[in-house]
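Here's upload35.txt, which has compact mmCIF, C-alpha atoms:
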```txt
# COMPACT_ATOMS: atom_id res chain seq x y z
CA MET A 1094 -37.10 -3.26 29.08
CA ALA A 1095 -36.87 -6.67 27.52
CA ASP A 1096 -40.56 -6.48 26.69
CA GLY A 1097 -39.72 -4.32 23.67
CA HIS A 1098 -37.83 -7.17 21.98
CA LYS A 1099 -39.33 -9.82 19.83
CA LEU A 1100 -38.17 -12.94 21.57
CA GLU A 1101 -38.91 -15.71 19.12
CA ILE A 1102 -36.73 -17.13 16.34
CA PHE A 1103 -37.39 -19.75 13.62
CA ARG A 1104 -40.80 -18.14 12.99
CA GLY A 1105 -41.95 -18.68 16.53
CA LEU A 1106 -40.68 -22.25 16.85
CA VAL A 1107 -38.27 -21.27 19.62
CA LYS A 1108 -39.29 -18.65 22.18
CA PHE A 1109 -36.98 -17.12 24.75
CA LYS A 1110 -37.84 -15.69 28.14
CA SER A 1111 -35.47 -12.72 27.99
CA ASN A 1112 -33.34 -10.90 25.45
CA THR A 1113 -30.14 -12.19 27.07
CA GLN A 1114 -31.36 -15.73 26.68
CA LYS A 1115 -32.17 -15.11 23.05
CA ILE A 1116 -28.63 -13.82 22.45
CA TRP A 1117 -27.08 -17.02 23.83
CA GLY A 1118 -29.54 -19.10 21.85
CA VAL A 1119 -28.56 -17.36 18.62
CA LEU A 1120 -24.86 -17.78 19.49
CA ALA A 1121 -25.37 -21.52 19.91
CA PHE A 1122 -27.11 -21.68 16.54
CA LEU A 1123 -24.40 -19.65 14.74
CA THR A 1124 -21.65 -21.77 16.31
CA LEU A 1125 -23.41 -24.92 15.16
CA ILE A 1126 -23.61 -23.62 11.57
CA THR A 1127 -19.92 -22.64 11.58
CA ALA A 1128 -19.01 -26.07 12.92
CA VAL A 1129 -21.05 -27.76 10.18
CA GLU A 1130 -19.32 -25.60 7.54
CA VAL A 1131 -15.85 -26.44 8.85
CA VAL A 1132 -16.57 -30.17 9.08
CA LEU A 1133 -18.00 -30.20 5.55
CA GLY A 1134 -14.98 -28.20 4.35
CA ILE A 1135 -12.55 -30.73 5.84
CA ILE A 1136 -14.19 -34.03 4.88
CA LYS A 1137 -15.70 -32.80 1.60
CA PRO A 1138 -18.23 -35.60 1.09
CA GLU A 1139 -18.16 -36.88 -2.48
CA SER A 1140 -21.92 -36.82 -2.79
CA LEU A 1141 -21.77 -33.04 -2.41
CA THR A 1142 -18.61 -32.34 -4.43
CA ASP A 1143 -19.59 -34.47 -7.42
CA THR A 1144 -23.10 -33.10 -7.84
CA TYR A 1145 -23.46 -29.94 -9.83
CA VAL A 1146 -26.44 -27.61 -9.47
CA LEU A 1147 -26.68 -24.66 -11.87
CA GLY A 1148 -23.03 -25.05 -12.86
CA MET A 1149 -21.71 -25.00 -9.30
CA LYS A 1150 -20.81 -27.81 -6.93
CA LEU A 1151 -23.60 -28.65 -4.50
CA ILE A 1152 -21.22 -28.21 -1.55
CA ASN A 1153 -20.63 -24.60 -2.55
CA TRP A 1154 -24.37 -23.97 -2.64
CA VAL A 1155 -24.59 -25.47 0.84
CA PHE A 1156 -21.83 -23.13 2.05
CA ILE A 1157 -23.48 -20.07 0.51
CA ILE A 1158 -26.92 -20.88 1.88
CA LEU A 1159 -25.51 -21.54 5.37
CA THR A 1160 -23.67 -18.21 5.14
CA LEU A 1161 -26.86 -16.38 4.25
CA VAL A 1162 -28.62 -18.06 7.18
CA LYS A 1163 -25.82 -16.90 9.48
CA ALA A 1164 -25.97 -13.38 8.03
CA TYR A 1165 -29.72 -13.32 8.61
CA TYR A 1166 -29.41 -14.11 12.31
CA ILE A 1167 -26.54 -11.69 12.83
CA ALA A 1168 -28.53 -8.88 11.21
CA TRP A 1169 -31.90 -9.78 12.73
CA ASP A 1170 -30.87 -10.55 16.30
CA PHE A 1171 -27.46 -8.98 16.91
CA MET A 1172 -28.14 -5.83 14.91
CA HIS A 1173 -31.77 -6.07 16.15
CA LEU A 1174 -33.31 -5.49 12.75
CA ARG A 1175 -36.11 -7.72 14.05
CA ASP A 1176 -37.12 -4.90 16.39
CA GLU A 1177 -36.92 -2.08 13.84
CA LYS A 1178 -39.86 -0.82 11.82
CA SER A 1179 -40.36 -2.82 8.65
CA ALA A 1180 -39.83 0.23 6.41
CA LEU A 1181 -36.33 0.81 7.81
CA ARG A 1182 -35.55 -2.90 7.71
CA ARG A 1183 -36.58 -3.30 4.09
CA ALA A 1184 -34.70 -0.19 2.98
CA ILE A 1185 -31.54 -1.53 4.61
CA VAL A 1186 -31.82 -5.12 3.47
CA TRP A 1187 -33.25 -5.05 -0.04
CA THR A 1188 -31.08 -2.24 -1.43
CA PRO A 1189 -27.76 -4.13 -1.09
CA ILE A 1190 -29.35 -7.48 -1.96
CA PHE A 1191 -30.65 -6.13 -5.26
CA LEU A 1192 -27.38 -4.40 -6.17
CA VAL A 1193 -25.20 -7.35 -5.17
CA ILE A 1194 -27.22 -9.87 -7.18
CA TYR A 1195 -27.06 -7.55 -10.17
CA LEU A 1196 -23.30 -7.00 -9.88
CA THR A 1197 -22.43 -10.66 -9.28
CA PHE A 1198 -24.56 -11.76 -12.18
CA ILE A 1199 -22.85 -9.38 -14.60
CA LEU A 1200 -19.32 -10.04 -13.36
CA LEU A 1201 -19.57 -13.81 -13.20
CA VAL A 1202 -21.11 -14.14 -16.65
CA GLU A 1203 -18.42 -11.89 -18.06
CA ALA A 1204 -15.69 -13.85 -16.25
CA ASP A 1205 -17.00 -17.11 -17.66
CA TYR A 1206 -16.86 -15.60 -21.13
CA ILE A 1207 -13.24 -14.54 -20.64
CA TYR A 1208 -12.43 -18.01 -19.34
CA ASN A 1209 -13.70 -19.46 -22.61
CA VAL A 1210 -11.68 -16.96 -24.62
CA TYR A 1211 -8.53 -18.06 -22.80
CA LYS A 1212 -9.43 -21.72 -23.22
CA GLU A 1213 -10.49 -21.76 -26.86
CA GLY A 1214 -8.96 -18.63 -28.31
CA PHE A 1215 -5.41 -18.34 -29.56
CA VAL A 1216 -4.08 -16.96 -26.32
CA GLY A 1217 -1.10 -18.72 -24.77
CA TRP A 1218 -0.88 -18.63 -21.00
CA ASN A 1219 0.86 -21.85 -19.99
CA PHE A 1220 4.49 -21.33 -20.92
CA MET B 1335 -40.97 0.10 20.82
CA ASN B 1336 -38.88 0.29 23.97
CA SER B 1337 -35.96 -1.65 22.62
CA THR B 1338 -34.93 1.01 20.13
CA VAL B 1339 -34.00 4.34 21.59
CA THR B 1340 -34.96 7.64 20.04
CA THR B 1341 -33.49 10.89 21.17
CA GLY B 1342 -35.97 13.33 19.67
CA THR B 1343 -37.92 15.53 22.06
CA GLU B 1344 -40.03 17.36 19.46
CA THR B 1345 -43.65 16.27 19.67
CA SER B 1346 -45.39 18.43 17.05
CA VAL B 1347 -45.62 16.69 13.69
CA TRP B 1348 -44.84 19.86 11.75
CA GLY B 1349 -41.82 20.49 13.93
CA GLY B 1350 -40.26 17.17 12.97
CA GLY B 1351 -41.97 15.11 15.62
CA ASN B 1352 -43.12 12.54 13.11
CA GLN B 1353 -40.71 9.60 12.94
CA PRO B 1354 -41.83 7.19 10.25
CA LEU B 1355 -38.78 4.92 10.69
CA GLY B 1356 -38.62 5.13 14.46
CA ALA B 1357 -34.87 5.56 14.43
CA SER B 1358 -32.81 8.50 15.63
CA TYR B 1359 -30.67 10.54 13.26
CA GLY B 1360 -27.42 8.99 14.49
CA LYS B 1361 -28.64 5.45 14.19
CA MET B 1362 -30.04 6.04 10.73
CA MET B 1363 -26.73 7.52 9.56
CA MET B 1364 -24.88 4.51 10.96
CA TRP B 1365 -27.19 2.28 8.93
CA PHE B 1366 -26.65 4.37 5.80
CA PHE B 1367 -22.91 4.06 6.28
CA LEU B 1368 -23.16 0.31 6.83
CA VAL B 1369 -25.20 -0.14 3.65
CA SER B 1370 -22.62 1.76 1.61
CA ASP B 1371 -19.78 -0.12 3.30
CA ALA B 1372 -21.55 -3.40 2.56
CA LEU B 1373 -21.57 -2.42 -1.11
CA THR B 1374 -17.83 -1.71 -0.98
CA PHE B 1375 -17.14 -5.16 0.41
CA SER B 1376 -19.53 -6.69 -2.10
CA GLY B 1377 -17.55 -4.97 -4.84
CA PHE B 1378 -14.35 -6.58 -3.54
CA LEU B 1379 -15.90 -10.02 -3.23
CA ALA B 1380 -17.58 -9.77 -6.64
CA ALA B 1381 -14.23 -8.80 -8.16
CA TYR B 1382 -12.73 -11.83 -6.44
CA GLY B 1383 -15.45 -13.97 -7.98
CA PHE B 1384 -14.74 -12.42 -11.37
CA SER B 1385 -11.03 -13.27 -11.24
CA ARG B 1386 -11.73 -16.70 -9.90
CA PHE B 1387 -14.23 -17.58 -12.62
CA LYS B 1388 -11.80 -16.22 -15.17
CA PHE B 1389 -9.05 -18.58 -13.96
CA ILE B 1390 -11.34 -21.28 -12.60
CA GLU B 1391 -9.08 -24.12 -13.78
CA THR B 1392 -5.92 -22.83 -12.15
CA TRP B 1393 -7.12 -21.05 -9.00
CA PRO B 1394 -5.28 -22.09 -5.79
CA ILE B 1395 -7.13 -24.40 -3.40
CA ALA B 1396 -7.56 -22.52 -0.11
CA ASP B 1397 -7.37 -25.72 1.95
CA GLU B 1398 -3.80 -26.19 0.75
CA VAL B 1399 -2.80 -22.60 1.42
CA PHE B 1400 -4.08 -21.93 4.93
CA THR B 1401 -2.99 -25.01 6.83
CA HIS B 1402 -1.13 -23.63 9.83
CA VAL B 1403 -2.11 -23.17 13.43
CA PRO B 1404 0.18 -21.21 15.79
CA PHE B 1405 2.25 -23.35 18.21
CA PHE B 1406 1.30 -26.55 16.35
CA HIS B 1407 3.13 -28.30 13.56
CA GLY B 1408 1.36 -30.24 10.89
CA ASN B 1409 -1.43 -29.84 8.40
CA TYR B 1410 -4.63 -28.39 9.85
CA PRO B 1411 -6.63 -26.78 7.05
CA MET B 1412 -9.29 -24.28 8.14
CA ILE B 1413 -9.00 -24.92 11.87
CA TYR B 1414 -7.43 -21.58 12.70
CA VAL B 1415 -9.81 -19.56 10.52
CA ALA B 1416 -12.73 -21.34 12.15
CA PHE B 1417 -11.30 -20.33 15.50
CA MET B 1418 -11.02 -16.71 14.32
CA THR B 1419 -14.64 -16.82 13.12
CA PHE B 1420 -15.73 -18.09 16.49
CA ILE B 1421 -13.76 -15.35 18.31
CA LEU B 1422 -15.46 -12.69 16.20
CA ILE B 1423 -18.96 -14.13 16.71
CA MET B 1424 -18.21 -14.36 20.43
CA SER B 1425 -17.16 -10.71 20.59
CA SER B 1426 -20.35 -9.88 18.70
CA VAL B 1427 -22.27 -11.62 21.47
CA THR B 1428 -20.58 -9.66 24.24
CA MET B 1429 -21.30 -6.49 22.24
CA VAL B 1430 -25.00 -7.25 21.97
CA LEU B 1431 -25.01 -8.10 25.69
CA ALA B 1432 -23.46 -4.66 26.33
CA VAL B 1433 -26.25 -3.02 24.30
CA ASP B 1434 -28.81 -5.03 26.25
CA ALA B 1435 -27.25 -3.98 29.57
CA GLY B 1436 -27.29 -0.39 28.27
CA HIS B 1437 -31.05 -0.52 27.79
CA LYS B 1438 -31.34 -1.58 31.43
CA MET B 1439 -28.96 1.27 32.43
CA LYS B 1440 -26.48 -1.12 34.06
CA LYS B 1441 -23.24 0.81 33.81
CA ASN B 1442 -20.96 -1.88 35.28
CA ALA B 1443 -22.30 -4.61 33.03
CA VAL B 1444 -21.87 -2.40 29.94
CA THR B 1445 -18.28 -1.65 30.98
CA TRP B 1446 -17.32 -5.30 31.35
CA TYR B 1447 -19.09 -6.51 28.23
CA MET B 1448 -17.45 -3.78 26.15
CA PHE B 1449 -14.08 -4.69 27.65
CA ALA B 1450 -14.62 -8.32 26.59
CA THR B 1451 -15.59 -7.14 23.11
CA VAL B 1452 -12.38 -5.13 22.75
CA ILE B 1453 -10.30 -8.12 23.89
CA GLY B 1454 -12.03 -10.33 21.32
CA GLY B 1455 -11.34 -7.76 18.61
CA ILE B 1456 -7.66 -7.55 19.56
CA ILE B 1457 -7.31 -11.35 19.47
CA PHE B 1458 -8.90 -11.37 16.02
CA VAL B 1459 -6.63 -8.65 14.60
CA GLY B 1460 -3.63 -10.41 16.12
CA SER B 1461 -4.66 -13.69 14.48
CA GLN B 1462 -5.14 -11.89 11.19
CA ALA B 1463 -1.61 -10.45 11.46
CA TRP B 1464 -0.27 -13.93 12.13
CA GLU B 1465 -2.16 -15.29 9.08
CA TRP B 1466 -0.60 -12.58 6.96
CA GLY B 1467 2.85 -13.29 8.34
CA THR B 1468 2.56 -17.00 7.59
CA PHE B 1469 1.17 -16.35 4.13
CA ILE B 1470 3.92 -13.86 3.24
CA LYS B 1471 6.68 -16.09 4.60
CA GLY B 1472 5.52 -19.03 2.50
CA ASP B 1473 5.51 -22.73 2.93
CA PHE B 1474 7.29 -25.02 0.48
CA GLY B 1475 8.59 -22.59 -2.12
CA ALA B 1476 8.01 -22.92 -5.87
CA LEU B 1477 9.36 -21.99 -9.29
CA GLU B 1478 7.84 -19.38 -11.55
CA THR B 1479 7.86 -19.77 -15.33
CA LYS B 1480 8.17 -17.19 -18.09
CA GLY B 1481 4.38 -17.04 -18.35
CA GLY B 1482 4.01 -16.42 -14.63
CA ARG B 1483 2.81 -19.97 -13.90
CA ILE B 1484 3.80 -21.62 -10.64
CA LEU B 1485 5.51 -25.02 -10.48
CA GLN B 1486 5.35 -26.80 -7.13
CA PHE B 1487 7.10 -30.02 -6.14
CA VAL B 1488 5.77 -33.30 -4.80
CA ASP B 1489 7.29 -36.58 -3.70
CA ALA B 1490 6.23 -39.43 -6.00
CA THR B 1491 7.13 -42.10 -3.44
CA ASP B 1492 5.24 -40.47 -0.58
CA ASN B 1493 1.65 -40.17 -1.79
CA GLU B 1494 2.48 -37.08 -3.84
CA LYS B 1495 3.01 -34.99 -0.72
CA ARG B 1496 4.50 -31.52 -1.18
CA VAL B 1497 8.25 -31.18 -0.75
CA ALA B 1498 10.05 -27.97 0.12
CA LEU B 1499 12.73 -26.64 -2.22
CA SER B 1500 15.38 -26.97 0.49
CA GLU B 1501 14.66 -30.70 0.80
CA PHE B 1502 16.01 -31.60 -2.63
CA ALA B 1503 18.02 -28.62 -3.89
CA THR B 1504 21.75 -29.24 -4.17
CA SER B 1505 24.15 -26.75 -2.75
CA ILE B 1506 26.20 -25.05 -5.46
CA PRO B 1507 28.50 -22.33 -4.14
CA SER B 1508 28.39 -19.31 -6.41
CA GLU B 1509 29.56 -15.72 -6.44
CA ARG B 1510 26.92 -13.03 -6.40
CA THR B 1511 27.48 -9.49 -7.59
CA VAL B 1512 25.91 -7.18 -5.08
CA HIS B 1513 23.91 -4.30 -6.52
CA GLU B 1514 25.40 -0.99 -5.50
CA ARG B 1515 24.12 2.49 -6.08
CA LYS B 1516 27.27 3.56 -7.84
CA ASN B 1517 27.21 0.81 -10.46
CA GLY B 1518 23.48 0.31 -11.04
CA VAL B 1519 20.29 2.30 -11.26
CA TRP B 1520 20.60 4.32 -8.07
CA PHE B 1521 16.97 4.10 -6.97
CA TYR B 1522 16.81 0.31 -7.30
CA ASP B 1523 17.39 -1.73 -4.19
CA GLU B 1524 19.28 -4.97 -3.99
CA ALA B 1525 16.84 -7.72 -4.97
CA THR B 1526 15.65 -10.08 -2.24
CA ARG B 1527 17.70 -13.23 -2.23
CA THR B 1528 15.89 -16.56 -2.07
CA SER B 1529 17.28 -19.31 0.17
CA VAL B 1530 18.12 -21.47 -2.86
CA SER B 1531 18.98 -20.38 -6.39
CA LEU B 1532 17.17 -21.50 -9.52
CA ASN B 1533 20.25 -23.42 -10.61
CA GLU B 1534 20.41 -25.30 -7.30
CA VAL B 1535 16.74 -26.31 -7.59
CA VAL B 1536 17.14 -27.47 -11.19
CA GLU B 1537 20.24 -29.54 -10.40
CA GLY B 1538 18.64 -30.95 -7.26
CA PHE B 1539 15.56 -31.92 -9.26
CA LYS B 1540 17.66 -33.77 -11.80
CA ALA B 1541 19.49 -35.61 -9.02
CA ASN B 1542 16.29 -36.72 -7.22
CA PRO B 1543 14.23 -39.02 -9.46
CA ASN B 1544 11.31 -39.25 -7.02
CA VAL B 1545 10.52 -35.52 -7.15
CA LEU B 1546 7.77 -34.49 -9.58
CA ILE B 1547 6.31 -31.17 -10.66
CA ARG B 1548 2.78 -30.19 -9.71
CA THR B 1549 1.17 -27.61 -11.98
CA GLU B 1550 -1.61 -25.12 -11.24
CA LEU B 1551 -4.12 -26.95 -13.41
CA ILE B 1552 -6.99 -28.54 -11.45
CA ASN B 1553 -8.01 -31.96 -12.80
CA GLU B 1554 -11.43 -33.61 -12.79
CA GLU B 1555 -11.02 -34.89 -9.24
CA GLY B 1556 -10.56 -31.33 -8.01
CA LYS B 1557 -6.83 -31.82 -7.39
CA LYS B 1558 -3.81 -30.12 -8.91
CA THR B 1559 -2.28 -32.00 -11.85
CA VAL B 1560 1.03 -33.77 -11.19
CA LEU B 1561 3.28 -34.28 -14.23
CA ASP B 1562 5.23 -37.49 -14.79
CA ARG B 1563 9.03 -37.44 -14.59
CA LYS B 1564 9.61 -36.80 -18.30
CA ALA B 1565 7.04 -34.00 -18.55
CA SER B 1566 8.40 -32.55 -15.29
CA LEU B 1567 11.92 -32.33 -16.69
CA ALA B 1568 10.61 -30.68 -19.86
CA LYS B 1569 8.53 -28.20 -17.82
CA LEU B 1570 11.54 -27.36 -15.65
CA ALA B 1571 13.17 -25.66 -18.63
CA ASP B 1572 10.46 -22.96 -18.56
CA ALA B 1573 11.29 -21.86 -15.00
CA THR B 1574 12.82 -18.44 -14.65
CA GLN B 1575 12.99 -17.83 -10.92
CA VAL B 1576 12.50 -19.18 -7.42
CA VAL B 1577 9.48 -17.89 -5.47
CA GLU B 1578 9.30 -18.19 -1.71
CA GLY B 1579 6.23 -16.79 -0.01
CA ALA B 1580 3.84 -14.30 -1.48
CA ASN B 1581 3.53 -10.60 -2.16
CA LEU B 1582 1.55 -8.52 -4.65
CA VAL B 1583 3.77 -9.55 -7.59
CA HIS B 1584 4.83 -13.14 -6.92
CA ASN B 1585 2.90 -15.88 -5.18
CA GLU B 1586 4.20 -19.38 -4.54
CA TYR B 1587 0.67 -20.71 -3.89
CA GLY B 1588 -0.47 -20.16 -7.48
CA SER B 1589 -2.28 -17.36 -9.23
CA ARG B 1590 -0.88 -14.04 -8.07
CA LEU B 1591 -4.38 -12.54 -8.11
CA PHE B 1592 -5.19 -14.88 -5.25
CA ALA B 1593 -2.56 -13.19 -3.10
CA ASP B 1594 -3.66 -9.73 -4.25
CA PHE B 1595 -7.26 -10.38 -3.25
CA PHE B 1596 -6.17 -12.01 -0.02
CA PHE B 1597 -4.25 -8.89 0.94
CA PHE B 1598 -6.94 -6.46 -0.19
CA ILE B 1599 -10.03 -8.19 1.19
CA THR B 1600 -8.71 -9.48 4.50
CA GLY B 1601 -6.65 -6.30 4.85
CA PHE B 1602 -9.68 -4.07 4.31
CA HIS B 1603 -11.64 -6.19 6.74
CA GLY B 1604 -8.80 -6.22 9.27
CA PHE B 1605 -8.66 -2.43 9.03
CA HIS B 1606 -12.38 -2.35 9.85
CA VAL B 1607 -11.82 -4.55 12.88
CA PHE B 1608 -8.95 -2.34 13.97
CA SER B 1609 -10.99 0.85 13.67
CA GLY B 1610 -13.88 -0.93 15.41
CA VAL B 1611 -11.59 -1.71 18.33
CA VAL B 1612 -10.47 1.94 18.49
CA ILE B 1613 -14.06 3.24 18.41
CA ASN B 1614 -15.08 0.66 20.99
CA ILE B 1615 -12.28 1.81 23.29
CA ILE B 1616 -13.38 5.45 22.97
CA ILE B 1617 -17.00 4.58 23.77
CA TRP B 1618 -15.79 2.32 26.57
CA PHE B 1619 -14.03 5.27 28.21
CA ASN B 1620 -17.20 7.33 27.87
CA VAL B 1621 -19.15 4.55 29.57
CA ILE B 1622 -16.66 4.47 32.46
CA LEU B 1623 -16.75 8.27 32.76
CA GLY B 1624 -20.54 8.06 33.04
CA THR B 1625 -21.28 10.16 29.95
CA TYR B 1626 -24.22 7.98 28.90
CA GLU B 1627 -25.45 7.59 32.46
CA ARG B 1628 -25.85 11.39 32.59
CA ARG B 1629 -27.29 11.50 29.08
CA GLY B 1630 -29.97 9.09 30.20
CA HIS B 1631 -29.53 6.48 27.49
CA TYR B 1632 -26.86 4.22 25.95
CA GLU B 1633 -27.70 4.75 22.29
CA MET B 1634 -24.06 5.41 21.49
CA VAL B 1635 -23.19 1.87 22.59
CA GLU B 1636 -25.94 0.61 20.32
CA LYS B 1637 -24.53 2.52 17.34
CA VAL B 1638 -20.96 1.35 17.81
CA GLY B 1639 -22.47 -2.10 18.33
CA LEU B 1640 -24.07 -1.92 14.89
CA TYR B 1641 -20.67 -1.23 13.38
CA TRP B 1642 -19.11 -4.10 15.31
CA HIS B 1643 -21.77 -6.59 14.22
CA PHE B 1644 -21.33 -5.43 10.66
CA VAL B 1645 -17.64 -6.30 10.83
CA ASP B 1646 -18.66 -9.76 12.01
CA LEU B 1647 -21.22 -10.02 9.22
CA VAL B 1648 -18.62 -9.20 6.58
CA TRP B 1649 -16.23 -11.77 8.01
CA VAL B 1650 -18.90 -14.46 7.65
CA PHE B 1651 -18.92 -13.76 3.91
CA VAL B 1652 -15.13 -13.45 3.59
CA PHE B 1653 -14.79 -16.76 5.44
CA THR B 1654 -17.14 -18.46 2.99
CA PHE B 1655 -15.84 -17.05 -0.25
CA PHE B 1656 -12.15 -17.07 0.59
CA TYR B 1657 -11.72 -20.17 2.69
CA LEU B 1658 -14.65 -22.51 2.10
CA VAL B 1659 -15.97 -22.26 -1.46
```
What is this structure when it is put down as structure tokens?
Amino acid sequence: MADGHKLEIFRGLVKFKSNTQKIWGVLAFLTLITAVEVVLGIIKPESLTDTYVLGMKLINWVFIILTLVKAYYIAWDFMHLRDEKSALRRAIVWTPIFLVIYLTFILLVEADYIYNVYKEGFVGWNF
Amino acid sequence: MNSTVTTGTETSVWGGGNQPLGASYGKMMMWFFLVSDALTFSGFLAAYGFSRFKFIETWPIADEVFTHVPFFHGNYPMIYVAFMTFILIMSSVTMVLAVDAGHKMKKNAVTWYMFATVIGGIIFVGSQAWEWGTFIKGDFGALETKGGRILQFVDATDNEKRVALSEFATSIPSERTVHERKNGVWFYDEATRTSVSLNEVVEGFKANPNVLIRTELINEEGKKTVLDRKASLAKLADATQVVEGANLVHNEYGSRLFADFFFFITGFHGFHVFSGVVINIIIWFNVILGTYERRGHYEMVEKVGLYWHFVDLVWVFVFTFFYLV
């Protein structure tokens, strides 16, 4: 019944003959990303750690984007969201994404404010 | 849409035959649960981010905390966690292969793939337990100050490498009054005894001029600040106790919130993996007994598979935000 699966990833760049083949292909891709993350985490190239984008080190943006890529392929191919109807897929995916962005934004801005209070206010912490 | 199984038999639209999402009740409920569970984990990770941004200058560096690999000595940051990540992704693959075999009604293949998945899950939970054990036991030991700050020790002559308390502490024999129920608060237990006393560490520090104190503060190069000898001796006066290992109250690696979040987030995730293994085993027995063969479809394997992949998905995020970033 493999004909029911959508067998292409990377927007049709790579096509697989069967669902089993696609699974192994996705595994290879996920392993590669994990390996890249680990290698970057160990050597920490200075060009990535010294550059700041939007207040965060570039290397951390790289990690987060690679994580989201991994999450996409786990959800789309392992949890076969790719084969579900788009209404179900959107309901599942966009609800948490919206809420998580909202929550992280609020919490991180607030945390940064508290950090400045500790740093500049008359609060002793290093004793 | 052959790849997604629906169990409904009703064909009249007014009788509920219309399925706009093309998913059965059970599968939809699993997805609802996963969405809500995803929000729970997001709450944990966002709270972690909150605490970390709040103490951004003093937060422990994960590379220096998780450096051990079982059966190997030495400093191998991240290697073991990467291995755990790979194990979990691998067990996700065998799970999705089981689902695929289920669609083709291959009972034997489903059985073996699910078995492999369970083994992968057990290896992961075991590794997690080992991580916890190592983290709780501690590495080099440290001193805690009145303000709850952590002072660690480095060797000035050896590239500022960390030194364990036992390496420089002098041995000072002393009497210790044991807490007994009859002469203290009866519901208090005897306090845990550290391998060296505060006095022994302080005297040992004074006797070893090449030992320096490393504070929690992260400098511009992204490393922890090391004090010079004079500042180290002055800082030593603030120390109130010896900390070895980590629990919810004391943490030799640095900020105690780091340990709290480590226990809560990886613990909550580990509990998910554990329950996933249990559910997988139950479904596995059903597969062997031929329940789904008689039912005519393996949708149950698909549903438990969704849960299993979700656990993997969460780990990908925990791995990034706890160990990498």
(message) Would you compute the distance between CA of Lys1471 in chain B and CA of Ala1580 in chain B? Give it in Å to one decimal.
(response)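 Atom-to-atom, CA of Lys1471 in chain B and CA of Ala1580 in chain B are spaced 6.9 Å apart.
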Taking only residues of chain B that have an atom at most 7 Å from an atom of chain A, what is each one's shortest atom pair and its distance in Å to one decimal, using all atoms listed in the file, in chain and number order, as a Markdown table?
```
| residue | atom | partner | partner_atom | distance |
| --- | --- | --- | --- | --- |
| B:Met1335 | CA | A:Gly1097 | CA | 5.4 |
| B:Asn1336 | CA | A:Gly1097 | CA | 4.7 |
| B:Ser1337 | CA | A:Gly1097 | CA | 4.7 |
| B:Leu1355 | CA | A:Leu1181 | CA | 5.6 |
| B:Gly1356 | CA | A:Lys1178 | CA | 6.6 |
| B:Val1369 | CA | A:Ile1185 | CA | 6.6 |
| B:Leu1373 | CA | A:Pro1189 | CA | 6.4 |
| B:Ser1376 | CA | A:Val1193 | CA | 6.5 |
| B:Ala1380 | CA | A:Thr1197 | CA | 5.6 |
| B:Gly1383 | CA | A:Leu1201 | CA | 6.7 |
| B:Phe1384 | CA | A:Ala1204 | CA | 5.2 |
| B:Ser1385 | CA | A:Ala1204 | CA | 6.9 |
| B:Phe1387 | CA | A:Ala1204 | CA | 5.4 |
| B:Lys1388 | CA | A:Tyr1208 | CA | 4.6 |
| B:Phe1389 | CA | A:Tyr1208 | CA | 6.4 |
| B:Met1412 | CA | A:Val1131 | CA | 6.9 |
| B:Ala1416 | CA | A:Val1131 | CA | 6.8 |
| B:Phe1420 | CA | A:Thr1124 | CA | 7.0 |
| B:Val1427 | CA | A:Ile1116 | CA | 6.8 |
| B:Val1430 | CA | A:Phe1171 | CA | 5.9 |
| B:Leu1431 | CA | A:Thr1113 | CA | 6.7 |
| B:His1437 | CA | A:Met1094 | CA | 6.8 |
| B:Lys1438 | CA | A:Met1094 | CA | 6.4 |
| B:Thr1479 | CA | A:Phe1220 | CA | 6.7 |
| B:Lys1480 | CA | A:Phe1220 | CA | 6.2 |
| B:Gly1481 | CA | A:Phe1220 | CA | 5.0 |
| B:Arg1483 | CA | A:Asn1219 | CA | 6.7 |
| B:Asp1572 | CA | A:Phe1220 | CA | 6.6 |
| B:Leu1640 | CA | A:Met1172 | CA | 5.6 |
| B:His1643 | CA | A:Met1172 | CA | 6.5 |
| B:Leu1647 | CA | A:Ala1164 | CA | 5.9 |
| B:Val1650 | CA | A:Thr1160 | CA | 6.6 |
| B:Phe1651 | CA | A:Thr1160 | CA | 6.6 |
| B:Thr1654 | CA | A:Phe1156 | CA | 6.7 |
| B:Leu1658 | CA | A:Gly1134 | CA | 6.1 |
| B:Val1659 | CA | A:Asn1153 | CA | 5.3 |
```
(request) Kindly indicate which residue among A:Val1129, A:Gly1118, A:Glu1101, A:Gly1214 lies nearest to Arg1175 in chain A, using only C-alpha atoms for the distances. (result) A:Glu1101
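Put simply, CA of Phe1109 in chain A is 19.9 Å away from CA of Ile1126 in chain A.
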(request) For the point (-11.8, -5.7, 12.3) in the file's frame, write as a PyMOL selection string all residues with an atom no more than 12 Å away, counting all atoms listed in the file. (result) chain B and resi 1418-1419+1421-1423+1425-1426+1451-1463+1599-1614+1641-1649
(message) I'd like the interatomic distance between CA of Ile1484 in chain B and CA of Gly1588 in chain B, to a tenth of an Å.
(response)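 So the two atoms, CA of Ile1484 in chain B and CA of Gly1588 in chain B, lie 5.5 Å apart.
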(request) Would you kindly return, as a ChimeraX atom specification, each protein, DNA or RNA residue with an atom no farther than 10 Å from any atom of Asn1585 in chain B, considering only C-alpha atoms and excluding same-chain residues fewer than 5 positions away? (result) /B:1469-1470,1472,1475-1478,1482-1484,1577-1580,1590-1594
(message) Show me the residues close to (-2.8, -29.0, -10.6) - anything with an atom within 12 Å, counting only C-alpha atoms - and format the list as a VMD selection string.
(response) chain B and resid 1390 to 1395 1398 1483 to 1488 1494 1546 to 1561 1587 to 1589
